[in-house]
file entry_7.txt (compact mmCIF, C-alpha atoms and all ligand atoms)
# COMPACT_ATOMS: atom_id res chain seq x y z
CA MET L 1 158.66 163.28 136.55
CA ILE L 2 161.60 165.63 135.88
CA GLU L 3 162.13 168.67 138.02
CA THR L 4 165.05 171.04 138.25
CA VAL L 5 165.25 173.44 141.16
CA GLY L 6 167.47 176.49 140.88
CA LEU L 7 169.87 174.54 138.70
CA THR L 8 173.06 176.51 138.14
CA LYS L 9 176.32 175.46 136.49
CA LYS L 10 179.50 177.47 136.42
CA TYR L 11 182.55 176.56 134.35
CA GLY L 12 185.22 178.63 136.12
CA SER L 13 183.92 182.18 136.13
CA PHE L 14 181.51 181.49 133.26
CA THR L 15 177.90 180.73 134.21
CA ALA L 16 176.47 178.29 131.68
CA LEU L 17 173.16 177.69 133.52
CA LYS L 18 171.40 180.23 135.69
CA ASP L 19 168.75 179.20 138.19
CA LEU L 20 166.91 176.82 135.88
CA ASN L 21 163.50 175.66 137.11
CA LEU L 22 161.82 173.03 134.96
CA SER L 23 158.83 170.88 135.80
CA ILE L 24 157.92 168.12 133.39
CA SER L 25 155.06 165.78 134.21
CA GLU L 26 154.88 162.06 133.46
CA GLY L 27 154.17 161.11 129.85
CA THR L 28 155.08 164.54 128.48
CA VAL L 29 157.29 165.05 125.46
CA TYR L 30 159.16 168.22 126.37
CA GLY L 31 161.16 170.10 123.76
CA PHE L 32 164.17 172.03 124.97
CA VAL L 33 165.17 174.56 122.38
CA GLY L 34 168.06 177.00 122.29
CA GLN L 35 170.85 178.18 120.07
CA ASN L 36 174.31 176.64 120.13
CA GLY L 37 175.86 177.15 123.53
CA ALA L 38 172.57 178.02 125.25
CA GLY L 39 173.06 175.34 127.91
CA LYS L 40 170.97 172.40 126.65
CA SER L 41 173.67 169.73 126.88
CA THR L 42 174.82 171.02 130.26
CA THR L 43 171.25 170.64 131.59
CA PHE L 44 170.91 167.15 130.15
CA GLN L 45 174.27 165.99 131.49
CA ILE L 46 173.29 167.16 134.97
CA ILE L 47 169.92 165.39 134.84
CA ALA L 48 171.71 162.29 133.52
CA THR L 49 174.01 162.45 136.62
CA LEU L 50 177.13 162.92 134.48
CA LEU L 51 177.85 166.46 135.63
CA THR L 52 177.53 168.03 139.08
CA PRO L 53 175.62 171.30 139.34
CA SER L 54 177.28 174.27 141.06
CA ASN L 55 173.98 175.06 142.76
CA GLY L 56 170.48 173.66 142.91
CA THR L 57 169.52 170.11 142.05
CA ALA L 58 167.21 167.98 139.94
CA TYR L 59 164.76 165.19 140.65
CA VAL L 60 163.79 162.34 138.37
CA ASP L 61 160.66 160.50 139.49
CA GLY L 62 161.15 162.15 142.87
CA ILE L 63 164.74 160.92 143.25
CA ASN L 64 167.39 163.54 143.92
CA ILE L 65 170.18 163.24 141.31
CA MET L 66 172.77 164.35 143.86
CA GLU L 67 171.74 161.93 146.59
CA GLU L 68 170.92 158.76 144.64
CA PRO L 69 172.53 159.00 141.18
CA GLU L 70 172.63 155.20 140.77
CA LYS L 71 168.85 154.98 141.16
CA VAL L 72 168.36 157.81 138.69
CA ARG L 73 170.55 156.02 136.11
CA ARG L 74 168.26 152.98 136.31
CA ILE L 75 165.22 154.97 135.24
CA ILE L 76 166.70 157.21 132.58
CA GLY L 77 167.89 156.52 129.06
CA TYR L 78 170.35 159.13 127.84
CA MET L 79 171.32 159.77 124.25
CA PRO L 80 174.21 162.26 124.11
CA ASP L 81 174.73 164.65 121.20
CA PHE L 82 178.09 163.10 120.41
CA PHE L 83 178.54 159.40 120.83
CA GLY L 84 181.01 156.82 119.76
CA VAL L 85 180.00 153.45 118.46
CA TYR L 86 182.16 150.40 118.97
CA ASP L 87 182.68 149.66 115.33
CA GLN L 88 184.02 146.16 115.70
CA PHE L 89 180.54 145.14 116.89
CA LYS L 90 177.59 144.00 114.87
CA THR L 91 174.35 145.86 115.60
CA SER L 92 172.81 143.18 117.80
CA GLU L 93 176.14 142.55 119.61
CA TYR L 94 176.36 146.25 120.36
CA LEU L 95 172.96 146.25 122.04
CA ASP L 96 173.83 143.00 123.81
CA PHE L 97 176.95 144.62 125.25
CA TYR L 98 174.94 147.53 126.66
CA GLY L 99 172.18 145.22 127.91
CA ALA L 100 174.80 143.18 129.78
CA SER L 101 176.29 146.34 131.32
CA TYR L 102 172.84 147.18 132.69
CA GLY L 103 172.73 143.72 134.25
CA LEU L 104 170.08 142.23 131.97
CA SER L 105 170.11 138.42 131.79
CA VAL L 106 170.86 136.57 128.54
CA LYS L 107 167.14 135.75 128.27
CA GLU L 108 166.06 139.34 128.84
CA ARG L 109 168.54 140.57 126.25
CA SER L 110 167.50 138.01 123.67
CA GLU L 111 163.87 139.15 124.07
CA MET L 112 164.57 142.87 124.21
CA ILE L 113 167.04 143.26 121.35
CA PRO L 114 164.77 142.13 118.45
CA GLN L 115 161.96 144.32 119.83
CA LEU L 116 164.24 147.34 119.99
CA LEU L 117 165.67 146.73 116.52
CA GLU L 118 162.14 146.59 115.20
CA LEU L 119 161.17 149.78 117.02
CA VAL L 120 164.06 151.70 115.47
CA ASN L 121 163.65 150.08 112.07
CA LEU L 122 166.92 148.19 112.08
CA SER L 123 165.73 144.58 112.14
CA LYS L 124 167.25 143.93 108.72
CA LYS L 125 170.59 145.30 109.97
CA HIS L 126 170.92 143.11 113.06
CA ASP L 127 173.93 141.36 111.52
CA SER L 128 175.61 144.45 110.01
CA TYR L 129 178.74 145.99 111.43
CA VAL L 130 177.96 149.20 113.27
CA ASP L 131 180.53 151.24 111.36
CA LEU L 132 178.84 150.35 108.07
CA LEU L 133 175.52 151.87 109.12
CA SER L 134 174.46 155.25 107.76
CA ARG L 135 174.42 158.25 110.09
CA GLY L 136 170.64 158.05 110.52
CA MET L 137 170.89 154.34 111.32
CA LYS L 138 173.65 154.99 113.86
CA GLN L 139 171.48 157.64 115.56
CA ARG L 140 168.60 155.16 115.71
CA LEU L 141 170.89 152.46 117.08
CA CYS L 142 172.03 154.89 119.76
CA LEU L 143 168.40 155.56 120.60
CA ALA L 144 167.82 151.80 120.88
CA ARG L 145 170.87 151.61 123.16
CA SER L 146 169.36 154.24 125.47
CA LEU L 147 166.19 152.11 125.69
CA ILE L 148 167.82 148.77 126.49
CA HIS L 149 166.91 148.81 130.20
CA ASP L 150 163.34 150.00 129.49
CA PRO L 151 163.73 153.41 131.18
CA LYS L 152 160.69 155.52 132.13
CA VAL L 153 162.46 158.71 131.14
CA LEU L 154 164.37 159.49 127.96
CA ILE L 155 166.86 162.34 127.66
CA LEU L 156 167.66 162.88 124.00
CA ASP L 157 170.26 165.49 123.10
CA GLU L 158 169.67 166.60 119.49
CA PRO L 159 168.70 163.13 118.22
CA ALA L 160 167.83 164.49 114.78
CA SER L 161 170.93 166.62 114.21
CA GLY L 162 172.71 165.97 110.95
CA LEU L 163 169.90 163.82 109.58
CA ASP L 164 168.34 164.28 106.15
CA PRO L 165 164.59 165.07 105.96
CA ARG L 166 163.54 161.44 105.53
CA ALA L 167 165.67 160.30 108.48
CA ARG L 168 164.22 163.14 110.59
CA ILE L 169 160.70 161.97 109.81
CA GLU L 170 161.66 158.40 110.76
CA MET L 171 163.10 159.67 114.04
CA ARG L 172 159.93 161.67 114.71
CA GLU L 173 157.77 158.57 114.10
CA ILE L 174 159.85 156.54 116.56
CA LEU L 175 159.47 159.26 119.19
CA LYS L 176 155.70 159.25 118.67
CA GLU L 177 155.69 155.54 119.32
CA LEU L 178 157.76 155.98 122.48
CA LYS L 179 155.25 158.56 123.67
CA THR L 180 152.39 156.09 123.20
CA MET L 181 154.42 153.66 125.29
CA GLY L 182 154.09 156.22 128.11
CA LYS L 183 157.69 157.38 128.24
CA THR L 184 158.49 160.85 129.52
CA ILE L 185 160.82 162.41 126.97
CA ILE L 186 162.97 165.51 127.08
CA ILE L 187 164.48 166.29 123.72
CA SER L 188 166.67 169.17 122.56
CA SER L 189 167.15 170.93 119.28
CA HIS L 190 168.14 174.36 118.04
CA ILE L 191 165.23 174.25 115.58
CA LEU L 192 161.92 175.24 117.16
CA PRO L 193 159.55 174.16 114.33
CA GLU L 194 161.14 170.71 114.37
CA LEU L 195 160.35 170.29 118.06
CA ALA L 196 156.94 171.92 117.87
CA GLU L 197 155.61 169.11 115.70
CA MET L 198 156.37 166.37 118.19
CA CYS L 199 156.31 168.01 121.62
CA ASP L 200 153.52 168.70 124.09
CA GLU L 201 155.46 171.48 125.74
CA ILE L 202 158.45 173.60 124.87
CA GLY L 203 161.05 175.38 126.96
CA VAL L 204 163.26 178.00 125.35
CA ILE L 205 166.71 178.44 126.86
CA ASP L 206 168.89 181.42 126.06
CA ASN L 207 172.29 182.12 127.62
CA GLY L 208 171.62 179.57 130.35
CA GLU L 209 168.22 181.00 131.30
CA LEU L 210 164.74 179.67 130.65
CA VAL L 211 163.14 182.53 128.73
CA ALA L 212 159.81 180.91 127.83
CA THR L 213 157.99 177.72 128.65
CA GLY L 214 154.55 176.29 127.92
CA SER L 215 152.65 174.81 125.01
CA VAL L 216 153.70 175.92 121.53
CA ASN L 217 150.57 178.10 121.40
CA ASP L 218 151.34 179.72 124.76
CA ILE L 219 154.80 180.66 123.56
CA GLN L 220 153.49 182.05 120.32
CA LEU L 221 150.82 184.07 122.15
CA LYS L 222 153.34 185.42 124.61
CA LEU L 223 155.25 186.88 121.72
CA GLN L 224 152.25 188.28 120.00
CA GLU L 225 151.56 190.81 122.73
CA GLN L 226 152.62 193.31 120.12
CA LYS L 227 151.06 192.25 116.85
CA VAL L 228 151.80 193.42 113.35
CA LEU L 229 148.88 194.68 111.26
CA ILE L 230 148.76 195.39 107.55
CA VAL L 231 146.16 197.66 105.93
CA ASN L 232 145.58 198.19 102.25
CA VAL L 233 144.08 201.43 101.04
CA ALA L 234 142.72 202.28 97.62
CA ARG L 235 144.31 205.78 97.68
CA ASP L 236 145.24 208.55 100.18
CA MET L 237 148.36 206.75 101.40
CA ASP L 238 149.84 209.89 103.06
CA ARG L 239 146.59 210.77 104.83
CA THR L 240 146.28 207.17 106.09
CA ILE L 241 149.82 207.23 107.46
CA GLN L 242 149.09 210.55 109.17
CA PHE L 243 145.92 209.02 110.66
CA LEU L 244 147.88 206.02 112.00
CA GLU L 245 150.62 208.23 113.42
CA ASP L 246 148.01 209.96 115.57
CA ASP L 247 147.00 206.68 117.27
CA PRO L 248 148.96 206.08 120.51
CA ASP L 249 148.92 202.27 120.06
CA VAL L 250 150.48 202.32 116.60
CA LEU L 251 154.26 201.86 116.22
CA ASN L 252 156.83 201.44 113.44
CA ILE L 253 154.73 202.40 110.44
CA GLN L 254 156.20 201.12 107.17
CA ARG L 255 154.97 201.90 103.67
CA GLY L 256 154.68 198.73 101.54
CA PRO L 257 153.89 198.02 97.88
CA ASN L 258 150.44 198.33 96.26
CA GLY L 259 148.84 200.62 98.83
CA SER L 260 149.85 198.48 101.83
CA ILE L 261 150.98 199.89 105.16
CA GLN L 262 152.45 197.68 107.88
CA PHE L 263 152.59 198.73 111.53
CA GLY L 264 152.98 197.36 115.04
CA PHE L 265 149.95 197.59 117.32
CA LYS L 266 150.22 197.33 121.10
CA GLY L 267 146.55 197.92 121.98
CA SER L 268 143.88 195.39 123.00
CA GLU L 269 141.24 193.88 120.70
CA GLU L 270 138.84 196.68 121.73
CA ASP L 271 141.49 199.26 120.82
CA GLN L 272 141.90 197.60 117.44
CA GLU L 273 138.13 197.65 116.88
CA SER L 274 138.04 201.32 117.81
CA LEU L 275 140.94 202.11 115.43
CA ILE L 276 139.00 200.54 112.54
CA LYS L 277 135.81 202.44 113.46
CA LYS L 278 137.76 205.71 113.62
CA ALA L 279 139.33 204.98 110.22
CA VAL L 280 135.92 204.43 108.65
CA HIS L 281 134.64 207.56 110.31
CA ALA L 282 137.59 209.56 108.96
CA ASN L 283 136.83 208.30 105.44
CA ILE L 284 140.10 206.36 105.16
CA PRO L 285 139.58 204.26 101.99
CA LEU L 286 140.32 200.90 103.69
CA LEU L 287 140.26 197.87 101.43
CA THR L 288 141.59 195.26 103.87
CA ILE L 289 143.12 194.95 107.30
CA ARG L 290 144.86 191.79 108.45
CA GLN L 291 147.25 190.54 111.07
CA LEU L 292 150.66 189.29 109.98
CA GLU L 293 151.11 185.66 111.00
CA THR L 294 154.38 185.04 112.80
CA ASN L 295 155.83 181.64 112.18
CA LEU L 296 157.67 179.63 114.79
CA GLU L 297 161.05 180.49 113.39
CA ASP L 298 160.24 184.22 113.85
CA VAL L 299 159.10 183.45 117.38
CA PHE L 300 162.33 181.69 118.21
CA MET L 301 164.48 184.46 116.73
CA GLU L 302 162.46 187.01 118.68
CA ILE L 303 162.85 185.27 122.05
CA THR L 304 166.52 184.52 121.64
CA LYS L 305 167.57 187.73 119.94
CA GLY L 306 169.94 188.70 122.79
CA VAL L 307 172.26 185.77 122.16
CA GLY L 308 174.43 187.18 119.39
CA GLU L 309 175.13 190.28 121.44
CA ALA L 310 176.37 188.31 124.44
N1 LIG S 401 183.54 171.76 130.08
C1 LIG S 401 183.29 173.03 129.80
N2 LIG S 401 184.15 174.00 130.17
C2 LIG S 401 183.90 175.30 129.90
N3 LIG S 401 182.80 175.76 129.27
C3 LIG S 401 181.91 174.84 128.87
C4 LIG S 401 182.10 173.44 129.11
N4 LIG S 401 181.05 172.76 128.61
C5 LIG S 401 180.21 173.70 128.07
N5 LIG S 401 180.74 174.94 128.23
C6 LIG S 401 180.12 176.21 127.81
O1 LIG S 401 178.83 176.30 128.41
C7 LIG S 401 177.89 176.86 127.50
C8 LIG S 401 176.72 175.91 127.31
O2 LIG S 401 177.17 174.75 126.61
P1 LIG S 401 176.18 173.56 126.22
O3 LIG S 401 177.02 172.51 125.56
O4 LIG S 401 175.40 173.18 127.40
O5 LIG S 401 175.24 174.27 125.15
P2 LIG S 401 174.19 173.64 124.14
O6 LIG S 401 172.97 174.47 124.25
O7 LIG S 401 174.07 172.19 124.35
O8 LIG S 401 174.88 173.93 122.73
P3 LIG S 401 174.91 173.05 121.36
O9 LIG S 401 173.58 173.25 120.73
O10 LIG S 401 176.01 173.72 120.59
O11 LIG S 401 175.20 171.63 121.75
C9 LIG S 401 178.66 177.15 126.23
O12 LIG S 401 179.04 178.52 126.23
C10 LIG S 401 179.87 176.25 126.32
O13 LIG S 401 180.98 176.82 125.65

call {"tool": "encode", "arguments": {"input": "entry_7.txt", "output": "structure tokens"}}
result
Amino acid sequence: MIETVGLTKKYGSFTALKDLNLSISEGTVYGFVGQNGAGKSTTFQIIATLLTPSNGTAYVDGINIMEEPEKVRRIIGYMPDFFGVYDQFKTSEYLDFYGASYGLSVKERSEMIPQLLELVNLSKKHDSYVDLLSRGMKQRLCLARSLIHDPKVLILDEPASGLDPRARIEMREILKELKTMGKTIIISSHILPELAEMCDEIGVIDNGELVATGSVNDIQLKLQEQKVLIVNVARDMDRTIQFLEDDPDVLNIQRGPNGSIQFGFKGSEEDQESLIKKAVHANIPLLTIRQLETNLEDVFMEITKGVGEA
């Protein structure tokens, strides 16, 4: 449903996007995660036909954004990361204005607007002035605005940024509902755990390059090629460390509290099994051995660790 092919964007001599290849199938909620300045908004603006790529192109529902941008605009709803609201409007007038600019008839607008206000939980605010809405309400109104022409594809640039936890949950619930309506959604954030909860697939962008893509599990697994193990021994700490140092798959041994030793392990499962057997054989007084769980935040920091040095 959304495909980018060798998408590249240069701002003068600076390359903001480098040969980006994304493929997002219909009905998928795709999370696009990256630190500030990674290239998320640039990608979204290109797909939304608001910015011309320097190289490569993108397709939405098979339509080339460069060749038929008008057609693409009909089938996408775009929520930018910064948006202005026309504050002299009431909520329903605001949506009516956008509906009219998409060419919807008065009848279509009068049917669509109450449904959208209900979807984004703003029915009670239909008569309120837009500038009197809270930030979370304004974000939801902007989401409703991007849905006014019933697009198949939604491009949402950081829709939950600046929201408090309750407002984030509300936003997440609305997105779930949009998914059940069959929309294909691409949504960005710089917070991986936030996206992981609501997305089918994730792409991680770093310095304009896609550095990982797949299901949340795939990405986590990819990073666990080198796992971290922790053993606890009853005594003989020095002898245990010496024993570990002799194993070619063991790296970065660190002595912890209460008889614990943490180390990286780059071997396979069989190698790990063999290490444990050898330890028992060598009379290492092992109490426990376990693998350190990496959380998604660790994963994200690990994949994007080059960014601060750029
Ligand atoms: N019009 C522009 N002219 C020059 N450089 C730009 C322009 N727009 C964006 N950039 C640069 O391109 C890079 C990518 O910016 P982009 O806004 O796409 O990142 P982002 O991932 O959306 O970041 P954020 O999370 O902060 O919104 C940044 O280094 C930014 O400074």

call {"tool": "residues_near_ligand", "arguments": {"input": "entry_7.txt", "ligand": "ligand LIG 401 (chain S)", "cutoff": "12 Å", "atoms": "all atoms listed in the file", "output": "JSON, numbers by chain"}}
result
{"L": [8, 9, 10, 11, 12, 13, 14, 15, 16, 17, 18, 32, 33, 34, 35, 36, 37, 38, 39, 40, 41, 42, 43, 44, 45, 46, 50, 51, 52, 80, 81, 82, 156, 157, 158, 159, 161, 187, 188, 189, 190, 191, 204, 205, 206, 207, 208, 209, 210, 307, 308, 310]}

call {"tool": "atom_distance", "arguments": {"input": "entry_7.txt", "atom1": "atom CA of L:Gly182", "atom2": "atom CA of L:Tyr102"}}
result
21.3 Å

call {"tool": "atom_distance", "arguments": {"input": "entry_7.txt", "atom1": "atom CA of L:Leu95", "atom2": "atom CA of L:Arg145"}}
result
5.9 Å

call {"tool": "atom_distance", "arguments": {"input": "entry_7.txt", "atom1": "atom CA of L:Leu229", "atom2": "atom CA of L:Gly264"}}
result
6.2 Å

call {"tool": "axis_aligned_box", "arguments": {"input": "entry_7.txt", "around": "stretch 255-259 of chain L", "padding_each_side": "4 Å", "output": "AutoDock Vina command-line options"}}
result
--center_x 151.9 --center_y 200.0 --center_z 100.0 --size_x 14.1 --size_y 11.9 --size_z 15.4

call {"tool": "closest_residue", "arguments": {"input": "entry_7.txt", "among": "L:Ser123, L:Thr213, L:Thr184, L:Ser260", "to": "L:Asp236", "atoms": "all atoms listed in the file"}}
result
L:Ser260

call {"tool": "closest_residue", "arguments": {"input": "entry_7.txt", "among": "L:Arg290, L:Arg140, L:His149, L:Arg166", "to": "L:Ser105", "atoms": "all atoms listed in the file"}}
result
L:His149

call {"tool": "closest_residue", "arguments": {"input": "entry_7.txt", "among": "L:Ile24, L:Leu154, L:Cys142, L:Ile113", "to": "L:Ala48", "atoms": "only C-alpha atoms"}}
result
L:Leu154

call {"tool": "residues_around", "arguments": {"input": "entry_7.txt", "residues": "stretch 269-273 of chain L", "least_positions_apart": "6", "cutoff": "12 Å", "atoms": "all atoms listed in the file", "output": "ChimeraX atom specification"}}
result
/L:225-229,244,247-250,279-280,289-291

call {"tool": "residues_around", "arguments": {"input": "entry_7.txt", "residues": "stretch 129-137 of chain L", "least_positions_apart": "2", "cutoff": "6 Å", "atoms": "all atoms listed in the file", "output": "list in words"}}
result
Asp87, Phe89, Lys90, Thr91, Gln139, Arg140, Leu163 and Ala167 of chain L

call {"tool": "build_atoms", "arguments": {"input": "entry_7.txt", "residues": "stretch 256-275 of chain L", "atoms": "N, CA and C atoms", "output": "PDB file, keeping the file's coordinate frame"}}
result
ATOM      1  N   GLY L 256     154.392 199.902 102.371  1.00  0.00           N
ATOM      2  CA  GLY L 256     154.680 198.730 101.540  1.00  0.00           C
ATOM      3  C   GLY L 256     154.215 198.945 100.112  1.00  0.00           C
ATOM      4  N   PRO L 257     154.316 197.888  99.276  1.00  0.00           N
ATOM      5  CA  PRO L 257     153.890 198.020  97.880  1.00  0.00           C
ATOM      6  C   PRO L 257     152.370 197.985  97.737  1.00  0.00           C
ATOM      7  N   ASN L 258     151.871 198.433  96.621  1.00  0.00           N
ATOM      8  CA  ASN L 258     150.440 198.330  96.260  1.00  0.00           C
ATOM      9  C   ASN L 258     149.487 198.846  97.331  1.00  0.00           C
ATOM     10  N   GLY L 259     149.771 200.004  97.869  1.00  0.00           N
ATOM     11  CA  GLY L 259     148.840 200.620  98.830  1.00  0.00           C
ATOM     12  C   GLY L 259     148.813 199.931 100.186  1.00  0.00           C
ATOM     13  N   SER L 260     149.864 199.140 100.518  1.00  0.00           N
ATOM     14  CA  SER L 260     149.850 198.480 101.830  1.00  0.00           C
ATOM     15  C   SER L 260     150.700 199.255 102.837  1.00  0.00           C
ATOM     16  N   ILE L 261     150.240 199.237 104.073  1.00  0.00           N
ATOM     17  CA  ILE L 261     150.980 199.890 105.160  1.00  0.00           C
ATOM     18  C   ILE L 261     151.053 198.887 106.319  1.00  0.00           C
ATOM     19  N   GLN L 262     152.263 198.650 106.793  1.00  0.00           N
ATOM     20  CA  GLN L 262     152.450 197.680 107.880  1.00  0.00           C
ATOM     21  C   GLN L 262     152.826 198.439 109.148  1.00  0.00           C
ATOM     22  N   PHE L 263     152.245 198.044 110.276  1.00  0.00           N
ATOM     23  CA  PHE L 263     152.590 198.730 111.530  1.00  0.00           C
ATOM     24  C   PHE L 263     152.416 197.806 112.735  1.00  0.00           C
ATOM     25  N   GLY L 264     153.146 198.099 113.790  1.00  0.00           N
ATOM     26  CA  GLY L 264     152.980 197.360 115.040  1.00  0.00           C
ATOM     27  C   GLY L 264     151.800 197.944 115.802  1.00  0.00           C
ATOM     28  N   PHE L 265     151.103 197.103 116.566  1.00  0.00           N
ATOM     29  CA  PHE L 265     149.950 197.590 117.320  1.00  0.00           C
ATOM     30  C   PHE L 265     150.005 196.997 118.717  1.00  0.00           C
ATOM     31  N   LYS L 266     150.067 197.862 119.736  1.00  0.00           N
ATOM     32  CA  LYS L 266     150.220 197.330 121.100  1.00  0.00           C
ATOM     33  C   LYS L 266     148.931 197.398 121.912  1.00  0.00           C
ATOM     34  N   GLY L 267     147.819 197.808 121.258  1.00  0.00           N
ATOM     35  CA  GLY L 267     146.550 197.920 121.980  1.00  0.00           C
ATOM     36  C   GLY L 267     145.834 196.581 122.113  1.00  0.00           C
ATOM     37  N   SER L 268     144.687 196.602 122.812  1.00  0.00           N
ATOM     38  CA  SER L 268     143.880 195.390 123.000  1.00  0.00           C
ATOM     39  C   SER L 268     142.988 195.184 121.765  1.00  0.00           C
ATOM     40  N   GLU L 269     142.184 194.111 121.806  1.00  0.00           N
ATOM     41  CA  GLU L 269     141.240 193.880 120.700  1.00  0.00           C
ATOM     42  C   GLU L 269     140.255 195.028 120.574  1.00  0.00           C
ATOM     43  N   GLU L 270     139.796 195.552 121.743  1.00  0.00           N
ATOM     44  CA  GLU L 270     138.840 196.680 121.730  1.00  0.00           C
ATOM     45  C   GLU L 270     139.499 197.898 121.085  1.00  0.00           C
ATOM     46  N   ASP L 271     140.779 198.109 121.412  1.00  0.00           N
ATOM     47  CA  ASP L 271     141.490 199.260 120.820  1.00  0.00           C
ATOM     48  C   ASP L 271     141.583 199.104 119.302  1.00  0.00           C
ATOM     49  N   GLN L 272     141.774 197.848 118.885  1.00  0.00           N
ATOM     50  CA  GLN L 272     141.900 197.600 117.440  1.00  0.00           C
ATOM     51  C   GLN L 272     140.548 197.877 116.749  1.00  0.00           C
ATOM     52  N   GLU L 273     139.482 197.431 117.418  1.00  0.00           N
ATOM     53  CA  GLU L 273     138.130 197.650 116.880  1.00  0.00           C
ATOM     54  C   GLU L 273     137.881 199.160 116.762  1.00  0.00           C
ATOM     55  N   SER L 274     138.274 199.878 117.792  1.00  0.00           N
ATOM     56  CA  SER L 274     138.040 201.320 117.810  1.00  0.00           C
ATOM     57  C   SER L 274     138.879 202.033 116.738  1.00  0.00           C
ATOM     58  N   LEU L 275     140.101 201.519 116.494  1.00  0.00           N
ATOM     59  CA  LEU L 275     140.940 202.110 115.430  1.00  0.00           C
ATOM     60  C   LEU L 275     140.242 201.958 114.070  1.00  0.00           C
TER      61      LEU L 275
END
